[in-house]
Amino acid sequence: MDNRARLLEKYSSRVYKNRKEHVLELEEAPGVPQIAANTRAVPGIMTNRGCCYAGCKGVVVGPLKDVCVITHGPIGCGFYSWGTRRNKAVAQEGGQNFIPYCFSTDMQEPDIVFGGEKKLKQAIVEAMEIFNPKSIMICSTCPIGLIGDDVHAVAAWAESEFNIRCIAFSCEGYKGVSQSAGHHIANNGLMKRVIGTGDKIPKSKYSLNILGEYNIGGDGWEQERVLKRIGYEVVSIFTGDGSVETMQNAHLANLNLVMCHRSINYIAEMMQAKYGISWLKVNFIGVEATIQSLRDIATFFGDEEIKQRTEEVIADELADIFDDMEYYKGKLKGKNAGIFVGGSRTHHYQKLLEDFGMETIIAGYEFAHRDDYEGRKVIPTIKLDADSKNIENMTVEPDPEKFHTFLDEETLARLKDQIPLDQYEGMIQDMQSGHIVVDDYNHFETEMLIKLLKPDIFFSGIKDKYVIQKAGTPSRQMHSYDYKGPYAGFKGAVNFAQDVVMALYTNAWNFVTPPWKTVPMLTGTLSGGDL
Amino acid sequence: MLDLTPKTISQRTALRINPCKTCQPVGALYAALGVHKCMPHSHGSQGCVSYHRTFLTRHFKDPAIASSSSFTEGASVFGGGSNLKTAVRNVFDIYNPDIIAVHTTCLSETIGDDLNSYITDMEIPEGKLVVHCNTPSYSGSHINGFFNMMKGFITYLTKSTGSCNGKTAIFPGFVNPGDMREIKRIASLMQVPFTLFPDTSGVMDAPMSGEYEMYPQGGTTLAEIAGLGDCAHTLALGRLTSTEPAELLKKRHAVPFTELPLPIGIEATDEYVMALSRLSKTEVPPELEEERGQLVDILLDSNQYSSQKKVAIFGDPDTVIGLCALCLEMGMIPKYVITGTPKEDFVRLVNELLGRYDVEGSTVKASADLFELHQWIKNEPVDLLLGTSYGKQIAKAEDIPFVRAGFPILDRYVHSYLPMMGYRGAMLFVERIIGALMDRYDRDCADEDLDVIM
């Protein structure tokens, strides 16, 4: 029996029927097989997914530093998303940094019964009085949609009352099937209300935005450092260390880089349609991946000067990390790994592991869609179900004044054969026969996969970290990097390797089994004298 | 750090900033984890339980299992009955617990799901159990969730057979496994047969063995919970956490109870020991008396470093009351004492305590938040901050020594294994407080003032 069959055999027929579509064991057969994704989690299954609110507030709008983000609802949701995603940020000069704060309307029973709009308005009045922010965003939690508070009307009221930007998001937790719905809702809001409203024209023609980079552990800063060294002007980062102040000018850049395809491809597409900006799928996780991405960007901008500068910086950065890389390769080569994280990171990290000669034998996403696994070409074939239809799908028209293309159509068409311009091939294409791919993985499957495939190390999140570790397998958190980082770019690769080596070679692993379990402790003497 | 917090205090009635509490379900989940072979189950959309498991895991650095009804929009409109039915079937099928403990969320509460009738109507495998409690997130806090889940178990499972089992029910309050172990150790020393309920020791501090076990050795057993109705007496530790379940047990099975503060500090531990002594009619053993004497000795020795030091304490109501008592015993002045959990009894109990030590001019508040606390500190600073991980921002902003205590502590290790209760727990905790104050002196003093003796 193959590993996939062993993994699924314990399920009842109903659960089996659902889960079998989400689990693949890759075969040699050509082409990328189909996987079920972005469908409802099975009730009772211990999924690692979060909710729509977590996707909207926790992932996308929460990291905006110059925004007072008010969670409208009972206290829990705001509390849990307070400083827990490591979106590092530093206030801009003269600007405000709300990242260390948590704002909530802390709804009480009467607010649920009589409606919470009045309280939300009052909360905004109080926020204005204390902080006088330029932007307020409102994120709705489960009860808000149920009791019918019109958060958008409150936002409109706040805008006229205080002459600020106030944006509401109907990102109630029950919407969609995972965080993914929240990303989409957040993307729509930012597209409608922020992007395109500024007028600060970039100074350089090599201007770009980094989309889907949340600056966990300072990843975004490391990318920015290298890009600036080459000579690029980073107009804005969405949304790690991001701000409305910079994001409003994003439409004036010449290229969008997409890191996390899942959380932000909507904005990339809409900006292309509305403002004519091409997007390039990049990956700054892993040395080879970073080099490839930097070369792809240079290819887009096309001139020899930037290409040459790119090679110089690459050579210099590589020289800087050469000794470390060789050392860690020696420690890590031949090890294999399992990785389960969010929407795009699993793919990104496979590349980084490859740098050290490691193989990813098990991989999966929490809340990805089929295109993240199989590539964007499957998008037209994805059938929308009821849960997805509830999320607004915005269509945008070219903006008559702001539409600008950096390259002519002929050049774009030629470039599309050379670099991943407006395209993404998905994770599976980089995996091999025998590898297991699991969508919306759960507690039970995690346990089984570890037993069946015995990976040397497993990368995952906090909820399963100690399950894996207690089972005797080293585990690292890939949502939070176990509170270290950055892991992006050249220097980040070394940080990552150091942490993986630390996890694998922890001295304490040698003490798991006590000596009395392996050495016979009872000694006897034969009656009748000494031996 | 927290650069936007102004010194000027303004009235707020609607905006909660930097809360000092969270919602009921996480407390319910924690209580259910203290029952052997129990799967906690969250009835709502899956994001809630994802957050709750995350927070419990981060605090305990151990797996916190729980399943979810995984509501989508459809369930929110048509009710979550079928989701719960499917979930219960799948949980028994895949994870095979003895019991599922369901708590609600603000979603299922708002749509009015009737858990009672869902559970009555569903098919539950032979020998298995499902219990529930209501934990609306828009009232109370995680503390209410904790005792509401206790009440759920009591309602569903306790029985009176008519003959007393001679045991004492001990309700520990929302505390760490390390504290639960200390509560049990003292009860054993006092020769009181007991049932600790709930009991997360052995579950949330399970040892490393190289094998993951979904249901480790610890936790109150179902037989022990059923037997609560036959107990001779209940000791409810923590008036604001354990009294309601104790009252319920009394109402249902006529088990009398004694309310006690959490045994933090000398006086509160004395009360606990004496209550045990009255129940077992046993003298306090020399071992405990020795520990007590050692603690008093420590307080006298170190008094010069703690005396008259101003401290701000925040966290869960009973924990804060306990810490406040210990600080008073150390000669400190609890300047600001807050909890995020609403209930005015907290203010009364703290003020009584302060009154007994003739401490005046302190600010005590329930339903408060950390933004408010920070503003007070900006206006009149303290020498020490005592509370959960969320105090570290204030401590850094105002450069105040900070000792962590309570829930959640997300940024330190080992804390959940070590007690702060009992005489020995107080020793450990006093060491941390004095250590923090003395480290600060050493850091700040002039070179010529740095002594190796202190």
# chains A, B, ... in the order shown; residues from 1 in each chain; ligands from 1

call {"tool": "select_by_dssp", "arguments": {"residues": "stretch 116-351 of chain B", "states": "strand (DSSP E or B)", "output": "PyMOL selection string"}}
result
chain B and resi 129-133+168-171+194-196+220+233-237+257-260+310-315+333-339

call {"tool": "write_last_selection", "arguments": {"atoms": "N, CA and C atoms", "output": "tab-separated table (two decimals), in the first residue's frame"}}
result
chain	number	residue	atom	x	y	z
B	129	LEU	N	-19.32	10.33	25.86
B	129	LEU	CA	-20.12	11.42	26.41
B	129	LEU	C	-19.88	12.72	25.66
B	130	VAL	N	-20.91	13.56	25.66
B	130	VAL	CA	-20.77	14.92	25.13
B	130	VAL	C	-21.38	15.87	26.16
B	131	VAL	N	-20.62	16.89	26.55
B	131	VAL	CA	-21.16	17.90	27.47
B	131	VAL	C	-20.99	19.26	26.80
B	132	HIS	N	-21.64	20.28	27.35
B	132	HIS	CA	-21.47	21.61	26.75
B	132	HIS	C	-21.59	22.70	27.80
B	133	CYS	N	-21.13	23.87	27.42
B	133	CYS	CA	-21.42	25.06	28.21
B	133	CYS	C	-21.52	26.26	27.28
B	168	THR	N	-12.58	15.48	49.31
B	168	THR	CA	-12.81	16.91	49.20
B	168	THR	C	-12.61	17.32	47.75
B	169	ALA	N	-13.58	18.05	47.21
B	169	ALA	CA	-13.40	18.59	45.86
B	169	ALA	C	-12.58	19.86	45.98
B	170	ILE	N	-11.51	19.93	45.22
B	170	ILE	CA	-10.72	21.16	45.22
B	170	ILE	C	-10.77	21.78	43.83
B	171	PHE	N	-11.27	23.01	43.76
B	171	PHE	CA	-11.30	23.75	42.49
B	171	PHE	C	-10.12	24.72	42.49
B	194	PHE	N	-8.72	13.84	48.00
B	194	PHE	CA	-9.31	14.95	47.22
B	194	PHE	C	-9.51	14.58	45.76
B	195	THR	N	-10.35	15.37	45.10
B	195	THR	CA	-10.42	15.38	43.63
B	195	THR	C	-10.12	16.80	43.20
B	196	LEU	N	-9.05	16.98	42.44
B	196	LEU	CA	-8.78	18.32	41.90
B	196	LEU	C	-9.48	18.41	40.56
B	220	THR	N	-8.39	15.29	35.36
B	220	THR	CA	-9.38	14.70	36.26
B	220	THR	C	-10.14	13.62	35.48
B	233	HIS	N	-17.00	17.86	50.90
B	233	HIS	CA	-16.83	19.29	50.98
B	233	HIS	C	-16.15	19.79	49.72
B	234	THR	N	-16.32	21.07	49.43
B	234	THR	CA	-15.59	21.67	48.32
B	234	THR	C	-14.75	22.82	48.84
B	235	LEU	N	-13.50	22.87	48.38
B	235	LEU	CA	-12.68	24.06	48.60
B	235	LEU	C	-12.61	24.81	47.28
B	236	ALA	N	-13.22	25.97	47.26
B	236	ALA	CA	-13.25	26.78	46.03
B	236	ALA	C	-12.14	27.81	46.11
B	237	LEU	N	-11.06	27.58	45.39
B	237	LEU	CA	-9.92	28.49	45.46
B	237	LEU	C	-10.10	29.61	44.43
B	257	PHE	N	-19.47	24.14	50.70
B	257	PHE	CA	-18.18	24.61	50.20
B	257	PHE	C	-17.61	25.73	51.03
B	258	THR	N	-16.30	25.88	50.93
B	258	THR	CA	-15.60	26.99	51.56
B	258	THR	C	-14.92	27.81	50.48
B	259	GLU	N	-15.17	29.10	50.49
B	259	GLU	CA	-14.49	30.00	49.55
B	259	GLU	C	-13.15	30.39	50.14
B	260	LEU	N	-12.12	30.30	49.33
B	260	LEU	CA	-10.79	30.71	49.78
B	260	LEU	C	-10.13	31.51	48.67
B	310	LYS	N	6.85	50.60	45.10
B	310	LYS	CA	5.52	50.68	44.47
B	310	LYS	C	5.43	49.68	43.32
B	311	VAL	N	4.32	48.97	43.29
B	311	VAL	CA	4.15	47.95	42.26
B	311	VAL	C	2.80	48.12	41.56
B	312	ALA	N	2.80	47.91	40.25
B	312	ALA	CA	1.54	47.86	39.48
B	312	ALA	C	1.27	46.41	39.13
B	313	ILE	N	0.07	45.95	39.42
B	313	ILE	CA	-0.27	44.53	39.20
B	313	ILE	C	-1.48	44.44	38.27
B	314	PHE	N	-1.36	43.61	37.23
B	314	PHE	CA	-2.52	43.42	36.35
B	314	PHE	C	-2.63	41.96	35.96
B	315	GLY	N	-3.83	41.56	35.55
B	315	GLY	CA	-4.05	40.18	35.12
B	315	GLY	C	-5.45	39.72	35.49
B	333	ILE	N	3.99	48.40	48.07
B	333	ILE	CA	2.75	49.15	47.96
B	333	ILE	C	2.12	48.90	46.59
B	334	PRO	N	1.03	48.14	46.55
B	334	PRO	CA	0.35	47.96	45.26
B	334	PRO	C	-0.33	49.27	44.85
B	335	LYS	N	0.33	49.98	43.95
B	335	LYS	CA	-0.13	51.33	43.60
B	335	LYS	C	-1.31	51.28	42.63
B	336	TYR	N	-1.16	50.43	41.61
B	336	TYR	CA	-2.26	50.24	40.65
B	336	TYR	C	-2.58	48.76	40.59
B	337	VAL	N	-3.83	48.43	40.75
B	337	VAL	CA	-4.23	47.03	40.74
B	337	VAL	C	-5.42	46.89	39.79
B	338	ILE	N	-5.21	46.25	38.65
B	338	ILE	CA	-6.33	46.16	37.70
B	338	ILE	C	-6.53	44.74	37.19
B	339	THR	N	-7.76	44.51	36.78
B	339	THR	CA	-8.07	43.32	36.00
B	339	THR	C	-8.93	43.76	34.82

call {"tool": "interface_residues", "arguments": {"of": "chain B", "to": "chain A", "cutoff": "7 Å", "atoms": "only C-alpha atoms", "output": "ChimeraX atom specification"}}
result
/B:2,4,12,14-19,22-23,45-47,50-51,53-54,57,61-63,66-73,83,86-88,90-91,94,106-107,110,137-139,208-212

call {"tool": "select_by_dssp", "arguments": {"residues": "stretch 293-470 of chain A", "states": "helix (DSSP H, G or I)", "output": "ChimeraX atom specification"}}
result
/A:293-301,304-332,345-355,370-374,376-381,386-389,409-416,428-430,443-453,462-470

call {"tool": "residues_around", "arguments": {"residues": "stretch 398-414 of chain A", "least_positions_apart": "4", "cutoff": "7 Å", "atoms": "only C-alpha atoms", "output": "PyMOL selection string"}}
result
chain A and resi 254+273-277

call {"tool": "residues_around", "arguments": {"residues": "B:His59", "least_positions_apart": "2", "cutoff": "8 Å", "atoms": "only C-alpha atoms", "output": "mmCIF file with all heavy atoms, in the first residue's frame"}}
result
data_model
loop_
_atom_site.group_PDB
_atom_site.id
_atom_site.type_symbol
_atom_site.label_atom_id
_atom_site.label_comp_id
_atom_site.auth_asym_id
_atom_site.auth_seq_id
_atom_site.Cartn_x
_atom_site.Cartn_y
_atom_site.Cartn_z
ATOM 1 N N PHE B 55 -2.845 30.363 21.422
ATOM 2 C CA PHE B 55 -2.484 31.047 22.667
ATOM 3 C C PHE B 55 -2.124 30.078 23.779
ATOM 4 O O PHE B 55 -1.166 30.294 24.521
ATOM 5 C CB PHE B 55 -3.591 32.008 23.104
ATOM 6 C CG PHE B 55 -3.274 33.408 22.676
ATOM 7 C CD1 PHE B 55 -3.287 33.730 21.335
ATOM 8 C CD2 PHE B 55 -2.874 34.369 23.581
ATOM 9 C CE1 PHE B 55 -2.926 34.995 20.906
ATOM 10 C CE2 PHE B 55 -2.514 35.645 23.171
ATOM 11 C CZ PHE B 55 -2.549 35.963 21.833
ATOM 12 N N LEU B 56 -2.894 29.005 23.894
ATOM 13 C CA LEU B 56 -2.584 28.023 24.940
ATOM 14 C C LEU B 56 -1.247 27.358 24.644
ATOM 15 O O LEU B 56 -0.433 27.151 25.545
ATOM 16 C CB LEU B 56 -3.710 26.994 25.052
ATOM 17 C CG LEU B 56 -5.030 27.555 25.602
ATOM 18 C CD1 LEU B 56 -6.161 26.537 25.452
ATOM 19 C CD2 LEU B 56 -4.896 27.954 27.074
ATOM 20 N N THR B 57 -0.995 27.044 23.381
ATOM 21 C CA THR B 57 0.281 26.424 23.019
ATOM 22 C C THR B 57 1.437 27.363 23.303
ATOM 23 O O THR B 57 2.477 26.964 23.807
ATOM 24 C CB THR B 57 0.272 26.016 21.534
ATOM 25 O OG1 THR B 57 -0.843 25.181 21.293
ATOM 26 C CG2 THR B 57 1.531 25.262 21.170
ATOM 27 N N LYS B 61 3.792 25.965 25.903
ATOM 28 C CA LYS B 61 4.794 25.299 25.053
ATOM 29 C C LYS B 61 4.515 23.796 25.008
ATOM 30 O O LYS B 61 5.406 22.956 25.171
ATOM 31 C CB LYS B 61 6.226 25.537 25.564
ATOM 32 C CG LYS B 61 6.506 26.917 26.149
ATOM 33 C CD LYS B 61 6.530 28.013 25.116
ATOM 34 C CE LYS B 61 6.882 29.355 25.748
ATOM 35 N NZ LYS B 61 6.388 30.489 24.970
ATOM 36 N N PHE B 407 -1.753 34.706 33.041
ATOM 37 C CA PHE B 407 -2.023 34.185 31.696
ATOM 38 C C PHE B 407 -2.395 35.330 30.771
ATOM 39 O O PHE B 407 -3.231 36.138 31.153
ATOM 40 C CB PHE B 407 -3.171 33.175 31.746
ATOM 41 C CG PHE B 407 -3.594 32.679 30.385
ATOM 42 C CD1 PHE B 407 -2.922 31.614 29.787
ATOM 43 C CD2 PHE B 407 -4.630 33.296 29.685
ATOM 44 C CE1 PHE B 407 -3.294 31.170 28.527
ATOM 45 C CE2 PHE B 407 -5.001 32.851 28.421
ATOM 46 C CZ PHE B 407 -4.333 31.785 27.844
ATOM 47 N N PRO B 408 -1.836 35.417 29.543
ATOM 48 C CA PRO B 408 -0.825 34.511 29.008
ATOM 49 C C PRO B 408 0.586 35.052 29.169
ATOM 50 O O PRO B 408 0.803 36.248 29.142
ATOM 51 C CB PRO B 408 -1.185 34.481 27.521
ATOM 52 C CG PRO B 408 -1.705 35.869 27.236
ATOM 53 C CD PRO B 408 -2.344 36.356 28.513
ATOM 54 N N ILE B 409 1.521 34.100 29.335
ATOM 55 C CA ILE B 409 2.940 34.439 29.241
ATOM 56 C C ILE B 409 3.453 33.740 27.992
ATOM 57 O O ILE B 409 3.587 32.516 27.953
ATOM 58 C CB ILE B 409 3.710 34.000 30.504
ATOM 59 C CG1 ILE B 409 3.188 34.802 31.705
ATOM 60 C CG2 ILE B 409 5.204 34.240 30.321
ATOM 61 C CD1 ILE B 409 3.764 34.385 33.027
ATOM 62 N N LEU B 410 3.661 34.538 26.975
ATOM 63 C CA LEU B 410 3.969 33.987 25.655
ATOM 64 C C LEU B 410 5.462 34.003 25.376
ATOM 65 O O LEU B 410 5.939 33.337 24.476
ATOM 66 C CB LEU B 410 3.254 34.821 24.577
ATOM 67 C CG LEU B 410 1.764 35.083 24.826
ATOM 68 C CD1 LEU B 410 1.244 36.151 23.886
ATOM 69 C CD2 LEU B 410 0.971 33.803 24.646
ATOM 70 N N ASP B 411 6.193 34.783 26.148
ATOM 71 C CA ASP B 411 7.573 35.087 25.780
ATOM 72 C C ASP B 411 8.598 34.575 26.783
ATOM 73 O O ASP B 411 9.706 35.088 26.824
ATOM 74 C CB ASP B 411 7.718 36.597 25.616
ATOM 75 C CG ASP B 411 7.407 37.353 26.893
ATOM 76 O OD1 ASP B 411 6.676 36.816 27.740
ATOM 77 O OD2 ASP B 411 7.916 38.474 27.064
ATOM 78 N N SER B 416 5.183 27.804 33.476
ATOM 79 C CA SER B 416 3.973 27.025 33.746
ATOM 80 C C SER B 416 4.266 25.770 34.566
ATOM 81 O O SER B 416 3.360 25.140 35.100
ATOM 82 C CB SER B 416 3.285 26.650 32.437
ATOM 83 O OG SER B 416 4.158 25.865 31.639
#

call {"tool": "residues_around", "arguments": {"residues": "A:Glu392", "least_positions_apart": "6", "cutoff": "12 Å", "atoms": "only C-alpha atoms", "output": "VMD selection string"}}
result
chain A and resid 169 to 171 175 to 176 181 to 189 266 386
